[in-house]
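One file, work20.cif, carrying mmCIF, C-alpha atoms:
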data_query
loop_
_atom_site.group_PDB
_atom_site.id
_atom_site.type_symbol
_atom_site.label_atom_id
_atom_site.label_comp_id
_atom_site.auth_asym_id
_atom_site.auth_seq_id
_atom_site.Cartn_x
_atom_site.Cartn_y
_atom_site.Cartn_z
ATOM 1 C CA VAL Z 223 11.932 -37.570 28.110
ATOM 2 C CA ILE Z 224 15.155 -37.125 26.149
ATOM 3 C CA VAL Z 225 17.319 -34.040 26.691
ATOM 4 C CA ALA Z 226 19.642 -33.498 23.715
ATOM 5 C CA ASP Z 227 22.327 -30.817 23.465
ATOM 6 C CA LEU Z 228 22.614 -29.839 19.796
ATOM 7 C CA SER Z 229 25.535 -27.476 20.417
ATOM 8 C CA GLY Z 230 28.372 -28.084 17.988
ATOM 9 C CA ARG Z 231 26.164 -30.065 15.567
ATOM 10 C CA ASN Z 232 27.499 -33.471 16.642
ATOM 11 C CA PRO Z 233 26.263 -36.019 14.048
ATOM 12 C CA ASN Z 234 25.753 -38.710 16.708
ATOM 13 C CA VAL Z 235 23.420 -36.423 18.654
ATOM 14 C CA PHE Z 236 21.299 -35.830 15.549
ATOM 15 C CA TYR Z 237 21.215 -39.574 14.839
ATOM 16 C CA GLU Z 238 20.037 -40.253 18.389
ATOM 17 C CA LEU Z 239 17.548 -37.390 18.132
ATOM 18 C CA GLY Z 240 16.065 -39.042 15.031
ATOM 19 C CA ILE Z 241 15.761 -42.360 16.849
ATOM 20 C CA ALA Z 242 14.052 -40.653 19.793
ATOM 21 C CA HIS Z 243 11.537 -39.001 17.469
ATOM 22 C CA THR Z 244 10.924 -42.291 15.659
ATOM 23 C CA LEU Z 245 10.173 -43.958 18.994
ATOM 24 C CA GLY Z 246 7.754 -41.169 19.915
ATOM 25 C CA LYS Z 247 9.835 -39.883 22.824
ATOM 26 C CA ILE Z 248 9.447 -36.360 24.119
ATOM 27 C CA VAL Z 249 12.634 -34.479 23.264
ATOM 28 C CA ILE Z 250 13.884 -31.268 24.851
ATOM 29 C CA PRO Z 251 16.637 -29.878 22.618
ATOM 30 C CA LEU Z 252 19.294 -27.637 24.175
ATOM 31 C CA VAL Z 253 21.647 -25.339 22.315
ATOM 32 C CA GLN Z 254 24.285 -22.749 23.094
ATOM 33 C CA ASP Z 255 23.861 -21.013 19.733
ATOM 34 C CA LYS Z 256 20.550 -21.094 17.872
ATOM 35 C CA GLU Z 257 22.510 -21.321 14.604
ATOM 36 C CA ASP Z 258 23.395 -24.904 15.612
ATOM 37 C CA VAL Z 259 19.730 -25.870 15.170
ATOM 38 C CA PRO Z 260 19.212 -27.036 11.562
ATOM 39 C CA PHE Z 261 16.240 -25.658 9.645
ATOM 40 C CA ASP Z 262 14.388 -28.982 9.713
ATOM 41 C CA VAL Z 263 14.517 -29.155 13.527
ATOM 42 C CA ARG Z 264 13.824 -25.474 14.280
ATOM 43 C CA HIS Z 265 10.094 -26.032 14.585
ATOM 44 C CA HIS Z 266 10.778 -27.957 17.814
ATOM 45 C CA ARG Z 267 10.901 -25.835 20.935
ATOM 46 C CA TYR Z 268 14.495 -25.678 22.165
ATOM 47 C CA LEU Z 269 16.170 -24.124 25.187
ATOM 48 C CA GLU Z 270 19.098 -21.806 24.574
ATOM 49 C CA TYR Z 271 21.770 -21.440 27.236
ATOM 50 C CA ALA Z 272 25.152 -19.816 27.848
ATOM 51 C CA PRO Z 273 28.110 -22.045 28.823
ATOM 52 C CA THR Z 274 28.667 -20.140 32.066
ATOM 53 C CA THR Z 275 27.738 -20.773 35.665
ATOM 54 C CA GLU Z 276 24.852 -18.318 35.407
ATOM 55 C CA GLY Z 277 23.834 -19.724 32.042
ATOM 56 C CA ARG Z 278 23.683 -23.263 33.405
ATOM 57 C CA LYS Z 279 21.719 -22.039 36.426
ATOM 58 C CA HIS Z 280 19.195 -20.407 34.114
ATOM 59 C CA LEU Z 281 19.095 -23.568 31.973
ATOM 60 C CA ARG Z 282 18.300 -25.642 35.056
ATOM 61 C CA GLN Z 283 15.369 -23.342 35.820
ATOM 62 C CA GLN Z 284 14.151 -23.587 32.219
ATOM 63 C CA LEU Z 285 14.429 -27.385 32.256
ATOM 64 C CA GLU Z 286 12.560 -27.659 35.540
ATOM 65 C CA ALA Z 287 9.776 -25.454 34.183
ATOM 66 C CA ARG Z 288 9.559 -27.440 30.939
ATOM 67 C CA LEU Z 289 9.448 -30.767 32.788
ATOM 68 C CA GLN Z 290 6.744 -29.464 35.122
ATOM 69 C CA GLN Z 291 4.757 -28.331 32.087
ATOM 70 C CA LEU Z 292 5.086 -31.809 30.559
ATOM 71 C CA LEU Z 293 3.877 -33.406 33.802
ATOM 72 C CA VAL Z 294 0.840 -31.136 33.989
ATOM 73 C CA ASN Z 295 -0.063 -31.858 30.355
ATOM 74 C CA ALA Z 296 0.633 -35.609 30.547
ATOM 75 C CA PRO Z 297 -2.303 -37.816 29.608
ATOM 76 C CA GLY Z 298 -4.059 -39.790 32.324
#
Output the structure of this file as structure tokens.
Amino acid sequence: VIVADLSGRNPNVFYELGIAHTLGKIVIPLVQDKEDVPFDVRHHRYLEYAPTTEGRKHLRQQLEARLQQLLVNAPG
């Protein structure tokens, strides 16, 4: 599982995201502002968070839930 923060539209992150998709990895995109998610990536489910202590706490809960969901739905 690859967790990628798309906040700030860093070109290296998008390059690495493309490699992860090419390799068939499960990717969990993160973003502080949904406008940082380009149109051609918006169909992927992403987690939005605030860059605050509470926001990061909520993000942790969201990540834990998403990872648990992936484990439950994992083949075999």
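Between Gly246 of chain Z and the residues Z:Leu281, Z:Leu289, Z:Ala272, Z:Val223, the shortest atom-to-atom distance, using only C-alpha atoms, involves Z:Val223.
Between atom CA of Arg282 of chain Z and atom CA of His266 of chain Z the separation is 19.0 Å.
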Once the PyMOL selection byres ((chain Z and resi 263) around 12) has been applied to the shown file, what residues remain in the selection, as a compact mmCIF listing (two decimals) with C-alpha atoms, in the coordinates of the input?
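Below is the file that was written, selection14.txt:
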# COMPACT_ATOMS: atom_id res chain seq x y z
CA LEU Z 228 22.61 -29.84 19.80
CA ARG Z 231 26.16 -30.06 15.57
CA PHE Z 236 21.30 -35.83 15.55
CA LEU Z 239 17.55 -37.39 18.13
CA GLY Z 240 16.07 -39.04 15.03
CA HIS Z 243 11.54 -39.00 17.47
CA VAL Z 249 12.63 -34.48 23.26
CA ILE Z 250 13.88 -31.27 24.85
CA PRO Z 251 16.64 -29.88 22.62
CA LEU Z 252 19.29 -27.64 24.18
CA VAL Z 253 21.65 -25.34 22.32
CA LYS Z 256 20.55 -21.09 17.87
CA GLU Z 257 22.51 -21.32 14.60
CA ASP Z 258 23.40 -24.90 15.61
CA VAL Z 259 19.73 -25.87 15.17
CA PRO Z 260 19.21 -27.04 11.56
CA PHE Z 261 16.24 -25.66 9.64
CA ASP Z 262 14.39 -28.98 9.71
CA ARG Z 264 13.82 -25.47 14.28
CA HIS Z 265 10.09 -26.03 14.58
CA HIS Z 266 10.78 -27.96 17.81
CA ARG Z 267 10.90 -25.84 20.94
CA TYR Z 268 14.50 -25.68 22.16
Let me have the centre and edge lengths of the axis-aligned box enclosing all listed atoms of segment 255-270 of chain Z with 6 Å padding on every side, in Å to one decimal, as JSON.
{"center_x": 17.0, "center_y": -25.1, "center_z": 17.4, "size_x": 25.8, "size_y": 20.1, "size_z": 27.5}
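Candidate residues Z:Leu292, Z:Asp255, Z:Lys247, Z:Ala287 were compared for distance to Gly230 of chain Z, and the nearest is Z:Asp255, using only C-alpha atoms.
Separating atom CA of Asn232 of chain Z from atom CA of Glu286 of chain Z is a distance of 24.8 Å.
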Point to revise | Given all atoms listed in the file as the counted atoms, nearest of Z:Gln254, Z:Ile248, Z:Leu293, Z:Leu285 to Tyr271 of chain Z | key: Z:Gln254
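Computed from the coordinates, the atom CA of Gln283 of chain Z to atom CA of Ala242 of chain Z distance equals 23.6 Å.
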